[in-house]
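Chemist: One file is attached below, protein15.cif, containing mmCIF, C-alpha atoms.
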data_data
loop_
_atom_site.label_atom_id
_atom_site.label_comp_id
_atom_site.auth_asym_id
_atom_site.auth_seq_id
_atom_site.Cartn_x
_atom_site.Cartn_y
_atom_site.Cartn_z
CA MET Q 1095 0.00 0.00 0.00
CA LEU Q 1096 1.43 3.38 -1.00
CA PRO Q 1097 1.71 6.23 1.53
CA LYS Q 1098 -1.03 8.21 -0.23
CA ASP Q 1099 -3.36 5.24 0.16
CA VAL Q 1100 -2.52 4.88 3.85
CA ARG Q 1101 -3.22 8.57 4.40
CA ALA Q 1102 -6.53 8.27 2.53
CA MET Q 1103 -7.55 5.25 4.59
CA ASN Q 1104 -6.66 7.03 7.85
CA TYR Q 1105 -8.54 10.15 6.76
CA ARG Q 1106 -11.66 8.15 5.88
CA ALA Q 1107 -11.48 6.26 9.17
CA LYS Q 1108 -11.39 9.55 11.09
CA GLU Q 1109 -14.40 10.78 9.12
CA LEU Q 1110 -16.27 7.65 10.23
CA ASP Q 1111 -14.97 7.97 13.80
CA LEU Q 1112 -13.13 4.64 13.52
CA LYS Q 1113 -9.87 3.66 15.17
CA LEU Q 1114 -7.54 1.71 12.90
CA PRO Q 1115 -4.36 1.27 14.97
CA LEU Q 1116 -2.63 -0.85 12.35
CA PHE Q 1117 -3.12 1.75 9.62
CA GLU Q 1118 -2.20 4.57 12.00
CA ALA Q 1119 1.10 2.81 12.74
CA ILE Q 1120 2.22 2.26 9.12
CA LEU Q 1121 3.67 5.68 8.27
CA PRO Q 1122 5.49 6.16 11.60
CA SER Q 1123 6.85 2.63 11.28
CA ASN Q 1124 8.07 3.33 7.75
CA GLU Q 1125 9.82 6.47 9.00
CA LEU Q 1126 11.59 4.48 11.73
CA HIS Q 1127 12.74 1.92 9.17
CA LEU Q 1128 14.08 4.69 6.95
CA GLN Q 1129 15.97 6.25 9.86
CA ARG Q 1130 17.40 2.85 10.79
CA ALA Q 1131 18.58 2.34 7.20
CA VAL Q 1132 20.32 5.73 7.28
CA GLU Q 1133 22.04 4.85 10.55
CA MET Q 1134 23.11 1.43 9.28
CA VAL Q 1135 24.71 2.92 6.16
CA LEU Q 1136 26.39 5.70 8.12
CA ASN Q 1137 27.77 3.18 10.62
CA THR Q 1138 29.75 1.52 7.81
CA GLY Q 1139 31.80 4.70 7.43
CA LYS Q 1140 31.60 4.41 3.65
CA LYS Q 1141 30.78 7.42 1.46
CA LYS Q 1142 30.39 5.71 -1.93
CA ILE Q 1143 26.97 4.10 -2.12
CA ALA Q 1144 25.29 2.19 -4.95
CA MET Q 1145 21.51 2.07 -5.20
CA LEU Q 1146 19.72 -0.39 -7.46
CA GLY Q 1147 16.18 0.73 -8.15
CA LEU Q 1148 14.58 3.81 -6.69
CA SER Q 1149 10.91 3.23 -7.48
CA PHE Q 1150 8.27 1.34 -5.51
CA LYS Q 1151 7.94 -1.47 -8.03
CA ALA Q 1152 9.48 -2.87 -11.17
CA ALA Q 1153 8.78 -1.39 -14.61
CA THR Q 1154 7.87 2.08 -13.37
CA ASP Q 1155 9.70 5.37 -13.22
CA ASP Q 1156 7.33 6.88 -10.65
CA LEU Q 1157 9.47 8.10 -7.75
CA ARG Q 1158 6.83 10.03 -5.83
CA GLU Q 1159 7.24 9.33 -2.11
CA SER Q 1160 9.77 6.58 -2.81
CA PRO Q 1161 11.51 5.62 0.44
CA GLN Q 1162 14.66 4.92 -1.55
CA VAL Q 1163 14.71 8.52 -2.79
CA GLN Q 1164 14.30 9.74 0.79
CA LEU Q 1165 17.18 7.48 1.83
CA VAL Q 1166 19.40 8.93 -0.91
CA LYS Q 1167 18.49 12.51 0.05
CA ARG Q 1168 19.32 11.92 3.70
CA LEU Q 1169 22.60 10.19 2.93
CA LEU Q 1170 23.58 12.93 0.47
CA GLY Q 1171 23.05 15.36 3.35
CA GLU Q 1172 25.57 13.29 5.30
CA GLY Q 1173 28.17 13.46 2.52
CA GLY Q 1174 27.28 10.29 0.64
CA ARG Q 1175 28.15 9.88 -3.06
CA PHE Q 1176 25.80 7.80 -5.19
CA ARG Q 1177 25.56 5.62 -8.24
CA SER Q 1178 22.10 4.46 -9.18
CA GLY Q 1179 20.85 1.77 -11.52
CA MET Q 1180 17.36 2.36 -12.90
CA THR Q 1181 17.37 -0.29 -15.61
CA MET Q 1182 13.93 -1.44 -16.67
CA PHE Q 1183 13.58 -5.22 -16.91
CA ARG Q 1184 10.80 -7.06 -18.67
CA SER Q 1185 9.63 -10.31 -17.14
CA ASP Q 1186 8.83 -11.78 -20.57
CA ALA Q 1187 12.30 -11.09 -22.02
#
As structure tokens - that is how I would like this structure written.

Modeler:
Amino acid sequence: MLPKDVRAMNYRAKELDLKLPLFEAILPSNELHLQRAVEMVLNTGKKKIAMLGLSFKAATDDLRESPQVQLVKRLLGEGGRFRSGMTMFRSDA
């Protein structure tokens, strides 16, 4: 489920005066995972970082709200240098 869908579900639940703890926990949990990934990379002490695939799923170039893009931005802010592979693969090839 994409972040926009989680926000929409949470918004609708509030409109209906429903409590959906699992849905309410998704975005904060994703943020914690992203922060942990940043810390793990920084703890290696390496500055050169390769990233394979930045989108949510294969065969798309949609990067809106991609956690990988957020990871790159944060690591760039910490002095990271990146190489990225965005090759499109076809499953029927």

Chemist: Calculated over only C-alpha atoms, which of the candidates Q:Lys1108, Q:Leu1169, Q:Leu1096, Q:Arg1175 has the smallest distance to Glu1133 of chain Q?

Modeler: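 Looking only at the distances to Glu1133 of chain Q, the closest residue turns out to be Q:Leu1169.
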
Chemist: I'd like the residues picked by the PyMOL selection byres ((chain Q and resi 1153-1164) around 10) written out as number ranges by chain, using the chain letters and numbers from the file.

Modeler: Q: 1096-1098, 1124-1125, 1127-1129, 1131-1132, 1145-1152, 1165-1170, 1180-1185

Chemist: So the first atom is atom CA of Leu1114 of chain Q and the second is atom CA of Met1095 of chain Q; what is the distance between them in Å, to one decimal place?

Modeler: 15.0 Å

Chemist: In Å, how far is it from atom CA of Phe1176 of chain Q to atom CA of Lys1142 of chain Q?

Modeler: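 One can read the atom CA of Phe1176 of chain Q to atom CA of Lys1142 of chain Q distance as 6.0 Å.
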
Chemist: Please define a box with edges along x, y and z of the file around all atoms of segment 1106-1110 of chain Q given in the file, extend it by 5 Å on each side, and return its centre and edge lengths in Å to one decimal, as JSON.

Modeler:
{"center_x": -13.8, "center_y": 8.5, "center_z": 8.5, "size_x": 14.9, "size_y": 14.5, "size_z": 15.2}

Chemist: Counting only C-alpha atoms, which residue out of Q:Leu1116, Q:Leu1121, Q:Val1100, Q:Gly1173 sits closest to Lys1141 of chain Q?

Modeler: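 With only C-alpha atoms as the atom set, the closest residue is Q:Gly1173.
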
Chemist: To one decimal in Å, tell me the separation between atom CA of Leu1110 of chain Q and atom CA of Pro1122 of chain Q.

Modeler: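 Here the two named atoms are 21.9 Å from each other.
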
Chemist: Write out as a list in words each polymer residue whose atoms come within 9 Å of Asn1104 of chain Q, counting only C-alpha atoms; drop sequence neighbours fewer than 3 positions from it.

Modeler: Asp1099, Val1100, Arg1101, Ala1107, Lys1108, Glu1109, Leu1112, Lys1113, Leu1114, Phe1117 and Glu1118 of chain Q
